[in-house]
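Engineer: One structure coming up, written as structure tokens, with questions to follow.
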Amino acid sequence: MPVVDLSVTSLRALNQQLHALGDTTNETHWHVTNPAGQHALAVGLDAPVTVEIDGHAGYYCAGMKPVATVIVHGNVGVGVGENMMSGMVHVKGDASQSAGATAQGGLLVIDGNASARCGISMKGIDIVVRARSGR
């Protein structure tokens, strides 16, 4: 399993590696450390891969993804799982506003709280919030 430390590797380099799956590697499970709240982590993943993010993620984590599983061991910023098509996003913390916005399908699980506009304009996604939503 590749481990990518974002205190050493750039976010752009990580996303390029994930977008090149199948071209450069067949690894199906990635682990990301030290995300430090960076935005647009694991966006647009078009491969059957699992990405585990160990820490807090910023805005639009795991957005626009047609396939894949993204697990965040921490909180996420605005728009987690925004416009996702299928697959799963599991947030093991709280989510800021607009979680799952405009999503077409898949499953979004938030173990903590979800802020306002959770699921706004959703079109087929399943969203499970284990604590409170809309506060």
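Chain identifiers are assigned as A, B, and so on, following the order in which chains appear in the structure tokens; residues are numbered from 1 within each chain, and ligands are numbered from 1 in order of appearance.
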Chain A: which residues are alpha helix (DSSP H) by DSSP, as a list of chain:residue names?
Structural biologist: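 Across chain A, those assigned alpha helix (DSSP H) are A:Leu11, A:Arg12, A:Ala13, A:Leu14, A:Asn15, A:Gln16, A:Gln17, A:Leu18, A:His19.
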Engineer: Would you output that residue set with N, CA, C and O atoms, as a CSV table (one decimal), in the first residue's frame?
Structural biologist:
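Wrote result_11.csv, looks like this:
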```csv
chain,number,residue,atom,x,y,z
A,11,LEU,N,0.2,18.3,-2.8
A,11,LEU,CA,-1.1,17.8,-3.1
A,11,LEU,C,-1.3,17.5,-4.6
A,11,LEU,O,-1.9,16.6,-5.0
A,12,ARG,N,-0.7,18.4,-5.4
A,12,ARG,CA,-0.8,18.2,-6.9
A,12,ARG,C,-0.2,16.9,-7.3
A,12,ARG,O,-0.7,16.1,-8.1
A,13,ALA,N,1.0,16.5,-6.7
A,13,ALA,CA,1.6,15.3,-7.0
A,13,ALA,C,0.8,14.1,-6.6
A,13,ALA,O,0.7,13.1,-7.3
A,14,LEU,N,0.2,14.2,-5.4
A,14,LEU,CA,-0.7,13.1,-5.0
A,14,LEU,C,-1.9,12.9,-5.9
A,14,LEU,O,-2.1,11.8,-6.4
A,15,ASN,N,-2.6,14.0,-6.3
A,15,ASN,CA,-3.7,13.8,-7.2
A,15,ASN,C,-3.3,13.4,-8.5
A,15,ASN,O,-4.0,12.6,-9.2
A,16,GLN,N,-2.1,13.7,-9.0
A,16,GLN,CA,-1.6,13.2,-10.3
A,16,GLN,C,-1.4,11.7,-10.3
A,16,GLN,O,-1.7,11.0,-11.2
A,17,GLN,N,-0.8,11.3,-9.2
A,17,GLN,CA,-0.6,9.8,-9.0
A,17,GLN,C,-1.9,9.1,-9.0
A,17,GLN,O,-2.1,8.0,-9.6
A,18,LEU,N,-2.9,9.6,-8.3
A,18,LEU,CA,-4.2,8.9,-8.2
A,18,LEU,C,-4.9,8.9,-9.5
A,18,LEU,O,-5.6,8.0,-9.8
A,19,HIS,N,-4.8,10.0,-10.3
A,19,HIS,CA,-5.4,10.1,-11.6
A,19,HIS,C,-4.8,9.2,-12.6
A,19,HIS,O,-5.4,8.8,-13.6
```
Engineer: Point out the residue among A:Ser98, A:Thr9, A:Thr24, A:Asn83 with the least atom-to-atom distance to Val43 (chain A), counting only C-alpha atoms.
Structural biologist: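 Ranking A:Ser98, A:Thr9, A:Thr24, A:Asn83 by distance to Val43 (chain A), first place goes to A:Asn83.
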Engineer: Taking 5 positions as the minimum chain separation for residues in the same chain, which residues sit within 9 Å of Leu108 (chain A) when counting only C-alpha atoms? Answer as a PyMOL selection string.
Structural biologist: chain A and resi 80-81+87-91+99-100+125-129
Engineer: Output N, CA and C atoms for every residue in that selection, as a compact mmCIF listing (two decimals), in the first residue's frame.
Structural biologist:
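File out.txt, as written:
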```txt
# COMPACT_ATOMS: atom_id res chain seq x y z
N VAL A 80 -17.72 18.14 0.93
CA VAL A 80 -17.20 16.77 0.83
C VAL A 80 -18.16 15.94 -0.04
N GLY A 81 -17.62 15.16 -0.95
CA GLY A 81 -18.44 14.31 -1.81
C GLY A 81 -19.31 15.08 -2.79
N GLY A 87 -19.63 5.00 -5.68
CA GLY A 87 -18.60 4.74 -4.68
C GLY A 87 -19.06 5.16 -3.30
N MET A 88 -18.08 5.37 -2.41
CA MET A 88 -18.41 5.72 -1.04
C MET A 88 -17.41 6.71 -0.48
N VAL A 89 -17.92 7.62 0.34
CA VAL A 89 -17.09 8.51 1.14
C VAL A 89 -17.51 8.31 2.58
N HIS A 90 -16.54 8.04 3.46
CA HIS A 90 -16.83 7.84 4.88
C HIS A 90 -16.00 8.84 5.67
N VAL A 91 -16.68 9.75 6.35
CA VAL A 91 -16.02 10.77 7.17
C VAL A 91 -16.16 10.33 8.62
N ALA A 99 -22.30 19.10 2.40
CA ALA A 99 -21.82 17.73 2.21
C ALA A 99 -22.73 17.00 1.23
N GLY A 100 -22.15 16.37 0.23
CA GLY A 100 -22.92 15.62 -0.75
C GLY A 100 -23.73 16.46 -1.71
N ILE A 125 -27.93 10.21 -4.42
CA ILE A 125 -26.98 9.76 -3.40
C ILE A 125 -27.74 9.31 -2.15
N ASP A 126 -27.14 8.41 -1.40
CA ASP A 126 -27.62 8.06 -0.07
C ASP A 126 -26.68 8.73 0.93
N ILE A 127 -27.23 9.44 1.91
CA ILE A 127 -26.42 10.13 2.92
C ILE A 127 -26.87 9.65 4.30
N VAL A 128 -25.89 9.23 5.10
CA VAL A 128 -26.15 8.81 6.47
C VAL A 128 -25.34 9.72 7.39
N VAL A 129 -26.02 10.41 8.29
CA VAL A 129 -25.36 11.26 9.28
C VAL A 129 -25.69 10.68 10.64
```
Engineer: Which residues in region 5-127 of chain A does DSSP call strand (DSSP E)? List them as a PyMOL selection string.
Structural biologist: chain A and resi 5+29-33+50-54+69-72+88-91+107-110+126-127
Engineer: Keeping only N, CA and C atoms, write the selected residues to a file as a short mmCIF file (atom, residue, chain, number, x, y, z; two decimals), in the first residue's frame.
Structural biologist:
```cif
data_model
loop_
_atom_site.label_atom_id
_atom_site.label_comp_id
_atom_site.auth_asym_id
_atom_site.auth_seq_id
_atom_site.Cartn_x
_atom_site.Cartn_y
_atom_site.Cartn_z
N ASP A 5 2.91 11.11 2.26
CA ASP A 5 2.99 12.08 3.33
C ASP A 5 2.90 13.47 2.72
N HIS A 29 -5.03 0.43 -2.80
CA HIS A 29 -5.26 0.99 -1.47
C HIS A 29 -4.15 1.99 -1.18
N TRP A 30 -4.52 3.24 -0.97
CA TRP A 30 -3.55 4.31 -0.70
C TRP A 30 -3.82 4.88 0.68
N HIS A 31 -2.76 5.32 1.33
CA HIS A 31 -2.86 5.93 2.66
C HIS A 31 -2.20 7.30 2.59
N VAL A 32 -2.94 8.34 2.99
CA VAL A 32 -2.43 9.71 2.94
C VAL A 32 -2.28 10.21 4.37
N THR A 33 -1.09 10.69 4.71
CA THR A 33 -0.83 11.22 6.05
C THR A 33 -0.58 12.72 5.97
N THR A 50 -9.19 2.55 -3.00
CA THR A 50 -9.53 3.05 -1.68
C THR A 50 -8.43 4.00 -1.23
N VAL A 51 -8.82 5.19 -0.82
CA VAL A 51 -7.87 6.19 -0.32
C VAL A 51 -8.26 6.51 1.11
N GLU A 52 -7.34 6.26 2.05
CA GLU A 52 -7.56 6.60 3.45
C GLU A 52 -6.75 7.84 3.78
N ILE A 53 -7.44 8.86 4.30
CA ILE A 53 -6.80 10.13 4.66
C ILE A 53 -6.75 10.19 6.17
N ASP A 54 -5.55 10.25 6.72
CA ASP A 54 -5.34 10.21 8.16
C ASP A 54 -5.19 11.63 8.70
N THR A 69 -13.48 4.63 -3.17
CA THR A 69 -13.86 4.76 -1.77
C THR A 69 -12.84 5.67 -1.12
N VAL A 70 -13.34 6.69 -0.42
CA VAL A 70 -12.46 7.61 0.30
C VAL A 70 -12.89 7.60 1.76
N ILE A 71 -11.94 7.36 2.65
CA ILE A 71 -12.19 7.33 4.09
C ILE A 71 -11.34 8.42 4.72
N VAL A 72 -11.99 9.33 5.45
CA VAL A 72 -11.29 10.42 6.12
C VAL A 72 -11.35 10.18 7.61
N MET A 88 -18.08 5.37 -2.41
CA MET A 88 -18.41 5.72 -1.04
C MET A 88 -17.41 6.71 -0.48
N VAL A 89 -17.92 7.62 0.34
CA VAL A 89 -17.09 8.51 1.14
C VAL A 89 -17.51 8.31 2.58
N HIS A 90 -16.54 8.04 3.46
CA HIS A 90 -16.83 7.84 4.88
C HIS A 90 -16.00 8.84 5.67
N VAL A 91 -16.68 9.75 6.35
CA VAL A 91 -16.02 10.77 7.17
C VAL A 91 -16.16 10.33 8.62
N LEU A 107 -22.66 6.56 -1.78
CA LEU A 107 -22.99 6.61 -0.36
C LEU A 107 -22.02 7.55 0.34
N LEU A 108 -22.57 8.48 1.11
CA LEU A 108 -21.79 9.38 1.96
C LEU A 108 -22.18 9.10 3.40
N VAL A 109 -21.20 8.70 4.22
CA VAL A 109 -21.43 8.42 5.63
C VAL A 109 -20.63 9.42 6.44
N ILE A 110 -21.31 10.10 7.36
CA ILE A 110 -20.66 11.07 8.24
C ILE A 110 -20.91 10.60 9.67
N ASP A 126 -27.14 8.41 -1.40
CA ASP A 126 -27.62 8.06 -0.07
C ASP A 126 -26.68 8.73 0.93
N ILE A 127 -27.23 9.44 1.91
CA ILE A 127 -26.42 10.13 2.92
C ILE A 127 -26.87 9.65 4.30
#
```
Engineer: Considering only C-alpha atoms, return as an MDAnalysis selection string whatever protein or nucleic-acid residues lie within 10 Å of Arg132 (chain A), sequence-local ones (same chain, fewer than 5 positions apart) excluded.
Structural biologist: chainID A and resid 94 110:115
Engineer: One number please: CA of Ala40 (chain A) to CA of Ser10 (chain A), in Å, one decimal.
Structural biologist: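 So the two atoms, CA of Ala40 (chain A) and CA of Ser10 (chain A), lie 12.1 Å apart.
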Engineer: Please determine, counting only C-alpha atoms, which residue among A:Asp23, A:Ser133, A:Val78, A:Gly63 has the shortest atom-to-atom distance to Leu41 (chain A).
Structural biologist: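 Once distances to Leu41 (chain A) are computed over only C-alpha atoms, the minimum belongs to A:Gly63.
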Engineer: Quick one: residues within 8 Å of Met85 (chain A), only C-alpha atoms counted, chain neighbours fewer than 6 positions away excluded, as a count of residues only?
Structural biologist: 9
Engineer: For a quick check of understanding, using only C-alpha atoms, which of A:Arg130, A:Ala62, A:Gly74, A:Leu6 has the smallest distance to Ala101 (chain A)?
Structural biologist: A:Ala62
Engineer: Rounded to one decimal in Å, what is the spacing between CA of Gly79 (chain A) and CA of Cys118 (chain A)?
Structural biologist: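 Separating CA of Gly79 (chain A) from CA of Cys118 (chain A) is a distance of 8.7 Å.
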Engineer: To one decimal place, how far is CA of Gly119 (chain A) from CA of Ala57 (chain A) in Å?
Structural biologist: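 Separating CA of Gly119 (chain A) from CA of Ala57 (chain A) is a distance of 18.7 Å.
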Engineer: Taking only C-alpha atoms into account, which of A:Ala68, A:Ala131, A:Ile120, A:Val4 comes nearest Lys92 (chain A)?
Structural biologist: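 Ranked by minimum distance to Lys92 (chain A), first place goes to A:Ala131.
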